[in-house]
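Inspection log for the structure reproduced underneath, given as C-alpha cells.
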There are 2 protein chains.
Amino acid sequence: MSTSHTGAVTRPKGFVAAGVAAGLKSSGNKDLALVVNQGPSFASATVFTSNRCKANPVLWSQEVVKDGIVKAVVLNSGGANCYTGAEGFQTTHATAERVAEKVGIGAIDVIVCSTGLIGLVNNRDDLLRGVDAAAEALGETGGDDAAHAIMTTDTVSKQVIVTGDGWSIGGMAKGAGMLAPALATMLVVITTDADVDSATLDRALRTATRVSFDRLDSDGCMSTNDTVTLLASGASGVTPSEEAFTAALTSVCSDLAMQLLQDAEGADHSISIQTINAASEDDAVKVGRSVARSNLFKAAIFGKDPNWGRILASVGTTDAEFDPADLDVALNGVWVCKASTPAEDPSQIDLEPREVTVTIDLKSGSARATVWTNDLTHAYVHENSAYSS
Amino acid sequence: MSTSHTGAVTRPKGFVAAGVAAGLKSSGNKDLALVVNQGPSFASATVFTSNRCKANPVLWSQEVVKDGIVKAVVLNSGGANCYTGAEGFQTTHATAERVAEKVGIGAIDVIVCSTGLIGLVNNRDDLLRGVDAAAEALGETGGDDAAHAIMTTDTVSKQVIVTGDGWSIGGMAKGAGMLAPALATMLVVITTDADVDSATLDRALRTATRVSFDRLDSDGCMSTNDTVTLLASGASGVTPSEEAFTAALTSVCSDLAMQLLQDAEGADHSISIQTINAASEDDAVKVGRSVARSNLFKAAIFGKDPNWGRILASVGTTDAEFDPADLDVALNGVWVCKASTPAEDPSQIDLEPREVTVTIDLKSGSARATVWTNDLTHAYVHENSAYSS
C-alpha cells in the first residue's frame, strides 16, 4: 500500500466531485461540496454522531442510508441546521431534491451534511444555487475543490489515499474543534472503487472508526452533526478480501484522524495517551479518555509542565481494574512514577515538541489502547469564546 | 437562624483552633491549621473524595473516622502528600502522633488533611515544628487564623456560621481549582456544639453535601485529597431535631460551596445550571453536569456569547429522559429555544454580570436540580499551566 494526499475522493474510479462558493460563508470562500458515485455499484456505509440531539441533515441522512444505497453526498458549511425546526428540515430536504434533479438520481439516495453554528439555517436560495453550480462543476479531478469547500476553522484540507492491488480508497475530512467521544463535528467522505457490498462496508467502517475517529477526544465535546460516510463504486471490478479492505480503510481513517488532531483549534500539542497492560480494551480506553478530558492535565502540557499527579488523579476517577498503589506513568518515555511513587526526574522531560506521549501501565492484564487529545491553550479559549459573535 | 462569617470554627462552644506559618509555603504565609474538639462529646462524620487514587492523609483519616470519634483535625498546605510512597504515609502518621502528644489525645482520633502538589511530600521536621507551634497557639478565637492557614490559591478565606436555638454550626473551607464531581481539592472543617450522635451527624452530612459540594463542578477534575469533616462537641447541651440540624448544616455547606464558586481560579462568571421538569433528580443532575463540563459552552460564557446550541449539544450526550425535539432552554431567563427551535432573541441577554443562570426544561417529569460551574477563561489556563513550575 502507498499513500498520498491530493484530490483524494476522486482518485478511486467511478467518482466525480466539485467544490464551489455558494455565498454561505461571509469570507466568500468555497462552502459547498458535492461527491457523486457513478457506479456501477452504489453500496455504502455511514456512521453518525451518537449525540441524541441531532441536526436536521443527520435526521434526513439516517433515512437515506437505511437501504445501504447512497449515490451522492452534498456538504455545506456556514450553518449546522440543527435546532432550526421544520423550516430547517425542509431546507435539508430541498437540498437533496435539487441534487437529485441535477444529477438524475432519487433524493432518497442523497446524504446531506452541514456544519456551522447550531440554531442557524442557511439561506435556502443560496444553498440551492450552490447545488446548481456544484452539479455543473462535477469532474474527475474535483476532489481537491471538494476537500477545500468543507473546511471551516480548519487551516489545511485533510485528504488521504490508500492504494490496494487494483483498487483504492480516498478520503477527505473536516473538523477542528469538538473532536470527541464517538465522533465530533467531523464530516468525512470516503470513496472506494473496490467492489464491496454494503454489509461488508458497514463492518469495515465500524471496525475502522472504533480505533481512529472514536478515540480522538480533542475537547470532550460531542457534535450534533458528525457523519462519516463510505461510498463504493465497484468500478475497479476488484473485490479485495475483507481483511485487506478493512486494513486499508483503517489506515485511511487513522491517517485522517491524525490530520484532524494536528490541526485542532488552538492546540500547541498533540498528545497520545497509551494505556498498557489493562484488563480489557474497554478499561484502557476509559483510562485514556479520562486523562484526555482533564483540563488540569491539558493546561499543564500547554505550560510544558510534567505535572504527572494530574494524570493519576484522572486515572483514579475511572472504574478500570488497577491497584491504586501500583501504577506506573511515563511522559515521553521517562518513568516519572513507578509503583505509585516518584521515580525518574521529571525535569529531564522536554515538552517543547508538539508530540507528547503519556504511557500508563495498569499492570492488570495485556490489553491496550491509545486515545489522542490536545492541550488546553489560550488560543482554544480565544477561538471558542468568540465563535458566533 | 442568622449567619455571619468570622472566626467560624471556634464560635460553637467546645472548640479551640490555631493557624501558624510552619515554613511549608515559600511565601512565608500561614500554612498549618489545627482544630481541637474539647468535648464533652466527640461525635463526628466525614466524607472523602471518591477518587480511587487517594492521598496518604486520606488513607490515614479513613481509619481514624471508623469509630465515629474524632478529637482533632490538622491541615497543612504546601504539598498534597499523594503518591509519595511509604515515606509519605509515615509523615502523615508522624503528624497525627505529634498532635496527639501535644494535645493529650490518641493519634487514632486525629484527622490529617494536606493540599498542594501531588508527588510532593512536605519536610517532616518543618511539619512537626508547625504542629508544636499550632498546639501552643490553640485558642477560643483561633478560627480566623485556622481559616487563613488552609488557603492556597484562594484569594479570600471561606467561613460561615449558622445559629440555632442555643446551638450553632461553624464551617471553614478552602479550594479554588479542581472543584468537581463528588468533591474537589476542597478541605472543609465544620464544628458544632449541638449534642448529636455520630450516626445522625453522618446522615445529616451526606444529605447536606449531596446538594452542595457534590453539585459544584468548576472544572470537572476530581481531587485526591478532598475531605469534609464535621465535629460535634455537645458543649451546648442542646440536641436539636434531626430536621433542624440537617437544615442548618445544609445551609452551612451551601454557603461555603457558593463562596468556593465565587473564588474559583481564574473564573469571570459563576454559572448556575437549573434543570427542571426532569423524570428524576438523577436525570436533572446528569444533564446539569454535562453542560457544566462542556469546554465549548464555558468558553462561550467567558466570551459573553449566548451560544445556546452548545447547551443542547451537551444535553444530547446524556441518557436522561427527554424528547430531543421538545427542549426549552433559557439564558438569564430569556427563552432562546422553545420546542428545540429558536425562540426569543439571544442578543437581548446581558452576560456582563458575574452571575449567569441556565434553565433547561426537559418536560419529562417534576424533578429538578441545580449544578454550579464557572466559565473557561484565559486566567484558568494561565494559572493551571504554571502551577508546579
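As shown in the C-alpha cells, the chain order sets the letters A, B, ...; within each chain, residues go from 1, and ligands are also counted from 1 in the order they appear.
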Should the cut-off be 8 Å, what would the residue list for chain B against chain A look like, counting only C-alpha atoms, as an MDAnalysis selection string?
chainID B and resid 50:54 83:85 117:119 178 219:224 294:296 299:305 307:310 312:318 324:325 340:342 376:378 381:382 384:389
Give me the least-squares superposed chain A (reference chain B; all C-alpha atoms paired in order) as a tab-separated table (two decimals) with C-alpha atoms, in the first residue's frame.
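To be explicit, this is the file written out as result_34.tsv:
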chain	number	residue	atom	x	y	z
A	1	MET	CA	-31.25	31.30	61.97
A	2	SER	CA	-28.69	34.03	61.36
A	3	THR	CA	-25.37	33.85	59.55
A	4	SER	CA	-22.04	35.66	59.80
A	5	HIS	CA	-18.56	34.88	58.58
A	6	THR	CA	-15.64	35.35	60.99
A	7	GLY	CA	-13.77	33.04	63.35
A	8	ALA	CA	-16.31	30.42	62.37
A	9	VAL	CA	-14.95	27.10	63.63
A	10	THR	CA	-14.34	28.41	67.17
A	11	ARG	CA	-17.74	30.09	67.49
A	12	PRO	CA	-19.55	26.91	68.60
A	13	LYS	CA	-18.70	26.11	72.24
A	14	GLY	CA	-16.09	23.43	72.93
A	15	PHE	CA	-13.58	24.18	70.18
A	16	VAL	CA	-10.12	25.73	70.05
A	17	ALA	CA	-8.10	26.36	66.91
A	18	ALA	CA	-4.91	27.90	65.57
A	19	GLY	CA	-3.24	28.74	62.28
A	20	VAL	CA	0.55	29.19	62.00
A	21	ALA	CA	3.34	29.60	59.45
A	22	ALA	CA	5.37	26.39	59.50
A	23	GLY	CA	7.56	27.32	56.54
A	24	LEU	CA	5.84	24.87	54.16
A	25	LYS	CA	4.77	27.67	51.82
A	26	SER	CA	7.64	29.56	50.22
A	27	SER	CA	5.62	32.77	50.69
A	28	GLY	CA	6.00	32.56	54.46
A	29	ASN	CA	2.20	32.75	54.84
A	30	LYS	CA	0.30	30.69	57.41
A	31	ASP	CA	0.22	27.09	56.17
A	32	LEU	CA	-0.78	24.83	59.08
A	33	ALA	CA	-4.12	24.78	60.90
A	34	LEU	CA	-5.26	22.83	63.94
A	35	VAL	CA	-8.83	22.45	65.22
A	36	VAL	CA	-9.44	20.61	68.50
A	37	ASN	CA	-12.73	19.43	69.96
A	38	GLN	CA	-12.69	19.78	73.77
A	39	GLY	CA	-15.92	17.85	74.27
A	40	PRO	CA	-17.72	16.71	76.27
A	41	SER	CA	-18.82	14.75	73.18
A	42	PHE	CA	-16.50	13.74	70.30
A	43	ALA	CA	-19.03	12.57	67.72
A	44	SER	CA	-18.11	13.15	64.10
A	45	ALA	CA	-18.86	12.40	60.46
A	46	THR	CA	-16.57	12.75	57.45
A	47	VAL	CA	-16.83	12.36	53.70
A	48	PHE	CA	-13.77	11.85	51.51
A	49	THR	CA	-13.01	12.16	47.81
A	50	SER	CA	-14.43	9.31	45.72
A	51	ASN	CA	-11.23	9.30	43.65
A	52	ARG	CA	-9.70	5.82	43.85
A	53	CYS	CA	-6.23	7.41	43.83
A	54	LYS	CA	-6.25	8.77	47.36
A	55	ALA	CA	-3.57	10.78	49.13
A	56	ASN	CA	-1.80	9.45	52.24
A	57	PRO	CA	-3.69	11.78	54.62
A	58	VAL	CA	-6.98	10.39	53.25
A	59	LEU	CA	-5.79	6.79	53.65
A	60	TRP	CA	-4.87	7.58	57.26
A	61	SER	CA	-8.01	9.54	58.07
A	62	GLN	CA	-10.30	6.85	56.67
A	63	GLU	CA	-9.06	4.66	59.53
A	64	VAL	CA	-9.47	7.46	62.08
A	65	VAL	CA	-13.15	8.03	61.35
A	66	LYS	CA	-14.21	4.38	61.56
A	67	ASP	CA	-15.34	4.54	65.20
A	68	GLY	CA	-17.14	7.89	64.73
A	69	ILE	CA	-14.82	9.60	67.21
A	70	VAL	CA	-12.59	12.49	66.08
A	71	LYS	CA	-10.90	14.84	68.55
A	72	ALA	CA	-8.68	16.97	66.32
A	73	VAL	CA	-8.08	17.92	62.68
A	74	VAL	CA	-4.68	19.09	61.46
A	75	LEU	CA	-4.45	20.58	57.96
A	76	ASN	CA	-1.41	21.69	55.99
A	77	SER	CA	-0.86	23.28	52.61
A	78	GLY	CA	2.37	23.19	50.61
A	79	GLY	CA	2.13	19.57	49.40
A	80	ALA	CA	-0.67	17.02	48.83
A	81	ASN	CA	1.39	14.07	50.13
A	82	CYS	CA	-0.23	11.94	47.45
A	83	TYR	CA	1.76	9.28	45.56
A	84	THR	CA	4.70	9.78	47.84
A	85	GLY	CA	5.03	6.14	48.96
A	86	ALA	CA	5.80	4.78	52.42
A	87	GLU	CA	7.77	7.87	53.42
A	88	GLY	CA	4.70	10.00	52.74
A	89	PHE	CA	2.43	7.79	54.82
A	90	GLN	CA	4.93	7.88	57.68
A	91	THR	CA	4.91	11.69	57.51
A	92	THR	CA	1.13	11.72	57.87
A	93	HIS	CA	1.31	9.26	60.75
A	94	ALA	CA	4.06	11.28	62.49
A	95	THR	CA	1.93	14.42	62.14
A	96	ALA	CA	-1.05	12.75	63.87
A	97	GLU	CA	1.23	11.37	66.60
A	98	ARG	CA	2.69	14.80	67.29
A	99	VAL	CA	-0.78	16.39	67.51
A	100	ALA	CA	-1.86	13.61	69.87
A	101	GLU	CA	1.19	14.11	72.12
A	102	LYS	CA	0.77	17.88	72.30
A	103	VAL	CA	-3.01	17.85	72.85
A	104	GLY	CA	-3.09	14.81	75.12
A	105	ILE	CA	-5.26	12.52	72.99
A	106	GLY	CA	-4.72	9.38	70.90
A	107	ALA	CA	-3.31	9.66	67.37
A	108	ILE	CA	-6.14	7.45	66.12
A	109	ASP	CA	-8.53	10.34	66.88
A	110	VAL	CA	-6.62	12.85	64.70
A	111	ILE	CA	-7.64	13.53	61.11
A	112	VAL	CA	-4.86	14.79	58.81
A	113	CYS	CA	-5.56	16.83	55.66
A	114	SER	CA	-2.96	18.03	53.15
A	115	THR	CA	-3.17	20.09	49.98
A	116	GLY	CA	-0.71	21.10	47.28
A	117	LEU	CA	1.19	19.32	44.53
A	118	ILE	CA	0.79	15.55	44.02
A	119	GLY	CA	4.09	13.64	44.30
A	120	LEU	CA	5.46	16.11	46.84
A	121	VAL	CA	5.92	15.24	50.51
A	122	ASN	CA	6.48	18.08	52.94
A	123	ASN	CA	9.62	18.39	55.03
A	124	ARG	CA	8.70	16.36	58.11
A	125	ASP	CA	10.70	18.51	60.52
A	126	ASP	CA	9.00	21.69	59.33
A	127	LEU	CA	5.63	20.01	59.63
A	128	LEU	CA	6.22	18.78	63.18
A	129	ARG	CA	7.59	22.15	64.31
A	130	GLY	CA	4.43	23.65	62.84
A	131	VAL	CA	2.29	21.27	64.89
A	132	ASP	CA	4.17	22.32	68.04
A	133	ALA	CA	3.60	26.00	67.28
A	134	ALA	CA	-0.08	25.44	66.48
A	135	ALA	CA	-0.64	23.48	69.70
A	136	GLU	CA	0.91	26.38	71.65
A	137	ALA	CA	-1.33	28.89	69.86
A	138	LEU	CA	-4.64	27.02	70.28
A	139	GLY	CA	-7.36	29.37	71.46
A	140	GLU	CA	-11.08	30.06	71.49
A	141	THR	CA	-10.62	32.85	68.93
A	142	GLY	CA	-8.28	30.87	66.65
A	143	GLY	CA	-10.91	30.23	63.96
A	144	ASP	CA	-9.78	33.08	61.72
A	145	ASP	CA	-6.12	32.08	61.81
A	146	ALA	CA	-7.09	28.49	61.00
A	147	ALA	CA	-9.25	29.60	58.05
A	148	HIS	CA	-6.36	31.64	56.65
A	149	ALA	CA	-3.79	28.87	57.15
A	150	ILE	CA	-5.66	26.47	54.84
A	151	MET	CA	-5.79	28.90	51.89
A	152	THR	CA	-3.76	27.99	48.77
A	153	THR	CA	-4.74	29.78	45.56
A	154	ASP	CA	-7.83	31.06	47.39
A	155	THR	CA	-7.94	34.85	47.36
A	156	VAL	CA	-10.22	35.09	50.42
A	157	SER	CA	-10.93	32.82	53.38
A	158	LYS	CA	-14.24	30.96	53.32
A	159	GLN	CA	-16.17	30.83	56.59
A	160	VAL	CA	-19.76	30.69	57.74
A	161	ILE	CA	-21.74	30.38	60.96
A	162	VAL	CA	-25.36	29.36	61.29
A	163	THR	CA	-27.01	29.73	64.67
A	164	GLY	CA	-29.88	27.62	65.98
A	165	ASP	CA	-31.79	27.79	69.25
A	166	GLY	CA	-28.96	27.55	71.80
A	167	TRP	CA	-26.55	25.81	69.41
A	168	SER	CA	-24.58	26.73	66.33
A	169	ILE	CA	-22.60	25.35	63.42
A	170	GLY	CA	-19.40	26.96	62.10
A	171	GLY	CA	-17.51	25.98	58.96
A	172	MET	CA	-14.37	26.86	57.04
A	173	ALA	CA	-13.32	25.72	53.59
A	174	LYS	CA	-10.50	26.03	51.13
A	175	GLY	CA	-10.49	25.24	47.46
A	176	ALA	CA	-10.32	27.12	44.25
A	177	GLY	CA	-9.42	24.72	41.48
A	178	MET	CA	-10.39	21.10	40.94
A	179	LEU	CA	-13.90	21.61	42.27
A	180	ALA	CA	-15.57	18.56	40.93
A	181	PRO	CA	-17.82	15.53	40.95
A	182	ALA	CA	-18.30	14.14	44.41
A	183	LEU	CA	-15.98	16.71	45.92
A	184	ALA	CA	-12.83	18.57	44.90
A	185	THR	CA	-9.45	19.77	46.40
A	186	MET	CA	-11.65	21.01	48.96
A	187	LEU	CA	-10.86	20.79	52.62
A	188	VAL	CA	-13.75	21.65	54.89
A	189	VAL	CA	-13.95	21.59	58.68
A	190	ILE	CA	-17.33	22.10	60.31
A	191	THR	CA	-17.83	22.36	64.06
A	192	THR	CA	-20.99	22.32	66.13
A	193	ASP	CA	-21.78	22.45	69.83
A	194	ALA	CA	-25.05	20.64	69.27
A	195	ASP	CA	-25.21	17.31	71.07
A	196	VAL	CA	-25.71	14.93	68.17
A	197	ASP	CA	-24.53	11.33	67.83
A	198	SER	CA	-22.22	10.15	65.04
A	199	ALA	CA	-24.90	8.24	63.13
A	200	THR	CA	-27.15	11.31	62.93
A	201	LEU	CA	-24.18	13.51	62.00
A	202	ASP	CA	-23.33	11.11	59.19
A	203	ARG	CA	-26.86	11.16	57.76
A	204	ALA	CA	-27.02	14.94	58.02
A	205	LEU	CA	-23.60	15.43	56.41
A	206	ARG	CA	-24.39	13.14	53.46
A	207	THR	CA	-27.71	14.91	52.91
A	208	ALA	CA	-26.03	18.32	53.04
A	209	THR	CA	-23.03	17.55	50.82
A	210	ARG	CA	-25.20	15.82	48.20
A	211	VAL	CA	-26.92	19.09	47.28
A	212	SER	CA	-23.99	21.46	47.88
A	213	PHE	CA	-20.33	20.43	47.43
A	214	ASP	CA	-21.26	17.45	45.24
A	215	ARG	CA	-23.03	19.74	42.76
A	216	LEU	CA	-20.14	22.13	42.37
A	217	ASP	CA	-18.30	21.20	39.19
A	218	SER	CA	-15.89	24.01	38.47
A	219	ASP	CA	-13.60	22.17	36.07
A	220	GLY	CA	-14.65	18.52	36.08
A	221	CYS	CA	-11.43	17.42	37.77
A	222	MET	CA	-11.63	15.31	40.92
A	223	SER	CA	-9.07	15.69	43.69
A	224	THR	CA	-7.11	13.01	45.52
A	225	ASN	CA	-7.33	14.83	48.86
A	226	ASP	CA	-10.88	16.10	49.44
A	227	THR	CA	-12.15	15.87	52.97
A	228	VAL	CA	-15.22	17.37	54.61
A	229	THR	CA	-15.30	16.69	58.34
A	230	LEU	CA	-17.91	17.56	60.93
A	231	LEU	CA	-17.09	17.59	64.66
A	232	ALA	CA	-19.73	17.84	67.39
A	233	SER	CA	-18.70	18.84	70.92
A	234	GLY	CA	-22.12	18.63	72.56
A	235	ALA	CA	-20.98	21.62	74.65
A	236	SER	CA	-24.29	23.47	74.21
A	237	GLY	CA	-26.15	20.68	75.93
A	238	VAL	CA	-28.84	21.03	73.27
A	239	THR	CA	-29.95	18.23	70.94
A	240	PRO	CA	-31.86	19.80	68.05
A	241	SER	CA	-34.27	17.75	65.95
A	242	GLU	CA	-32.57	15.92	63.10
A	243	GLU	CA	-34.59	18.03	60.65
A	244	ALA	CA	-33.49	21.34	62.19
A	245	PHE	CA	-29.87	20.23	62.41
A	246	THR	CA	-29.81	18.90	58.83
A	247	ALA	CA	-31.36	22.13	57.53
A	248	ALA	CA	-28.76	24.27	59.34
A	249	LEU	CA	-25.91	22.03	58.16
A	250	THR	CA	-27.19	22.15	54.58
A	251	SER	CA	-27.25	25.92	54.86
A	252	VAL	CA	-23.60	25.92	56.07
A	253	CYS	CA	-22.47	23.61	53.25
A	254	SER	CA	-24.38	25.54	50.57
A	255	ASP	CA	-22.98	28.85	51.77
A	256	LEU	CA	-19.40	27.53	51.74
A	257	ALA	CA	-19.96	25.95	48.30
A	258	MET	CA	-21.10	29.33	46.91
A	259	GLN	CA	-18.03	30.99	48.46
A	260	LEU	CA	-15.83	28.42	46.69
A	261	LEU	CA	-17.65	29.06	43.39
A	262	GLN	CA	-17.18	32.82	43.69
A	263	ASP	CA	-13.43	32.42	44.22
A	264	ALA	CA	-12.73	29.67	41.65
A	265	GLU	CA	-9.36	29.98	39.94
A	266	GLY	CA	-9.43	32.39	37.03
A	267	ALA	CA	-13.22	32.47	36.68
A	268	ASP	CA	-15.08	35.51	35.36
A	269	HIS	CA	-18.56	34.01	35.73
A	270	SER	CA	-20.43	31.90	38.29
A	271	ILE	CA	-22.89	29.76	36.35
A	272	SER	CA	-25.97	28.14	37.85
A	273	ILE	CA	-27.44	25.39	35.65
A	274	GLN	CA	-31.01	24.59	36.63
A	275	THR	CA	-32.61	21.55	35.08
A	276	ILE	CA	-36.37	21.48	35.59
A	277	ASN	CA	-39.22	19.08	34.88
A	278	ALA	CA	-36.89	16.09	34.82
A	279	ALA	CA	-38.10	12.52	35.22
A	280	SER	CA	-35.82	12.15	38.26
A	281	GLU	CA	-33.36	14.16	40.31
A	282	ASP	CA	-30.57	11.94	38.92
A	283	ASP	CA	-31.56	12.91	35.39
A	284	ALA	CA	-31.53	16.58	36.33
A	285	VAL	CA	-28.05	16.31	37.89
A	286	LYS	CA	-26.75	14.35	34.89
A	287	VAL	CA	-27.95	17.01	32.44
A	288	GLY	CA	-26.58	19.85	34.59
A	289	ARG	CA	-23.21	18.17	34.96
A	290	SER	CA	-22.87	17.52	31.23
A	291	VAL	CA	-23.39	21.22	30.49
A	292	ALA	CA	-21.04	22.17	33.36
A	293	ARG	CA	-18.31	20.11	31.70
A	294	SER	CA	-18.64	21.49	28.18
A	295	ASN	CA	-15.48	23.49	27.49
A	296	LEU	CA	-17.18	24.99	24.45
A	297	PHE	CA	-20.14	26.27	26.49
A	298	LYS	CA	-17.85	27.55	29.24
A	299	ALA	CA	-15.61	29.37	26.75
A	300	ALA	CA	-18.69	30.94	25.14
A	301	ILE	CA	-19.83	32.33	28.51
A	302	PHE	CA	-16.35	33.78	29.04
A	303	GLY	CA	-16.76	35.46	25.65
A	304	LYS	CA	-20.25	36.75	26.70
A	305	ASP	CA	-21.66	34.79	23.76
A	306	PRO	CA	-25.23	33.41	24.29
A	307	ASN	CA	-24.33	30.32	22.20
A	308	TRP	CA	-27.23	28.11	23.34
A	309	GLY	CA	-26.51	25.43	20.74
A	310	ARG	CA	-23.61	24.31	22.89
A	311	ILE	CA	-26.03	23.72	25.77
A	312	LEU	CA	-28.26	21.47	23.65
A	313	ALA	CA	-25.25	19.62	22.26
A	314	SER	CA	-24.28	18.76	25.85
A	315	VAL	CA	-27.78	17.76	26.90
A	316	GLY	CA	-27.84	15.34	23.96
A	317	THR	CA	-24.84	13.42	25.27
A	318	THR	CA	-26.79	12.20	28.33
A	319	ASP	CA	-29.22	9.31	28.68
A	320	ALA	CA	-31.69	11.42	30.68
A	321	GLU	CA	-35.35	11.13	29.73
A	322	PHE	CA	-36.36	13.85	27.25
A	323	ASP	CA	-37.60	14.35	23.70
A	324	PRO	CA	-34.75	15.86	21.62
A	325	ALA	CA	-37.39	17.65	19.52
A	326	ASP	CA	-39.06	19.30	22.54
A	327	LEU	CA	-36.46	21.03	24.70
A	328	ASP	CA	-36.69	24.58	26.08
A	329	VAL	CA	-33.58	26.52	27.12
A	330	ALA	CA	-33.29	29.91	28.81
A	331	LEU	CA	-30.22	32.04	29.47
A	332	ASN	CA	-30.74	34.55	32.28
A	333	GLY	CA	-34.48	34.00	31.93
A	334	VAL	CA	-34.63	34.65	28.16
A	335	TRP	CA	-36.12	31.57	26.46
A	336	VAL	CA	-33.80	31.42	23.46
A	337	CYS	CA	-35.02	27.96	22.47
A	338	LYS	CA	-38.59	26.63	22.70
A	339	ALA	CA	-39.55	23.15	21.48
A	340	SER	CA	-35.99	22.78	20.12
A	341	THR	CA	-36.45	25.75	17.79
A	342	PRO	CA	-35.02	29.29	18.05
A	343	ALA	CA	-37.38	31.51	20.09
A	344	GLU	CA	-36.57	34.79	21.89
A	345	ASP	CA	-33.72	36.98	20.57
A	346	PRO	CA	-30.41	36.01	22.27
A	347	SER	CA	-28.95	39.47	21.65
A	348	GLN	CA	-31.03	40.89	24.52
A	349	ILE	CA	-29.14	38.72	27.06
A	350	ASP	CA	-26.65	40.65	29.18
A	351	LEU	CA	-23.70	38.39	30.02
A	352	GLU	CA	-21.61	41.17	31.62
A	353	PRO	CA	-22.58	40.37	35.25
A	354	ARG	CA	-20.72	37.55	37.03
A	355	GLU	CA	-23.92	35.57	37.76
A	356	VAL	CA	-25.31	33.53	34.85
A	357	THR	CA	-28.36	31.27	35.02
A	358	VAL	CA	-29.10	28.51	32.52
A	359	THR	CA	-32.52	26.85	32.68
A	360	ILE	CA	-33.18	23.60	30.83
A	361	ASP	CA	-36.76	22.33	30.70
A	362	LEU	CA	-36.81	18.59	29.97
A	363	LYS	CA	-40.65	18.34	30.05
A	364	SER	CA	-40.43	14.79	31.37
A	365	GLY	CA	-41.50	15.01	35.00
A	366	SER	CA	-41.35	17.23	38.06
A	367	ALA	CA	-37.84	16.70	39.46
A	368	ARG	CA	-35.21	19.40	39.40
A	369	ALA	CA	-31.59	20.05	40.40
A	370	THR	CA	-29.01	22.81	40.18
A	371	VAL	CA	-25.35	22.28	39.29
A	372	TRP	CA	-22.85	25.13	39.60
A	373	THR	CA	-19.81	25.78	37.48
A	374	ASN	CA	-17.53	28.53	36.20
A	375	ASP	CA	-16.55	29.78	32.78
A	376	LEU	CA	-13.37	28.73	30.96
A	377	THR	CA	-11.06	31.70	30.83
A	378	HIS	CA	-7.56	32.72	29.83
A	379	ALA	CA	-6.80	33.13	33.53
A	380	TYR	CA	-7.81	29.50	34.20
A	381	VAL	CA	-5.43	28.28	31.50
A	382	HIS	CA	-2.70	30.59	32.78
A	383	GLU	CA	-2.98	29.56	36.44
A	384	ASN	CA	-3.14	25.87	35.65
A	385	SER	CA	-0.37	25.84	33.09
A	386	ALA	CA	2.09	27.35	35.53
A	387	TYR	CA	1.11	25.72	38.82
A	388	SER	CA	4.05	23.46	39.64
A	389	SER	CA	6.78	25.37	37.84
Step one, run DSSP on the backbone; step two, keep only residues of stretch 24-270 of chain A assigned to strand (DSSP E or B); then write them as a PyMOL selection string.
chain A and resi 32-37+43-48+69+72-76+110-114+139+158-163+168-174+187-192+216+227-232+270
From stretch 75-187 of chain A, collect each residue whose DSSP state is helix (DSSP H, G or I) and return the set as JSON, numbers by chain.
{"A": [85, 86, 87, 88, 89, 90, 91, 92, 93, 94, 95, 96, 97, 98, 99, 100, 101, 102, 103, 107, 108, 109, 124, 125, 126, 127, 128, 129, 130, 131, 132, 133, 134, 135, 136, 137, 143, 144, 145, 146, 147, 148, 149]}
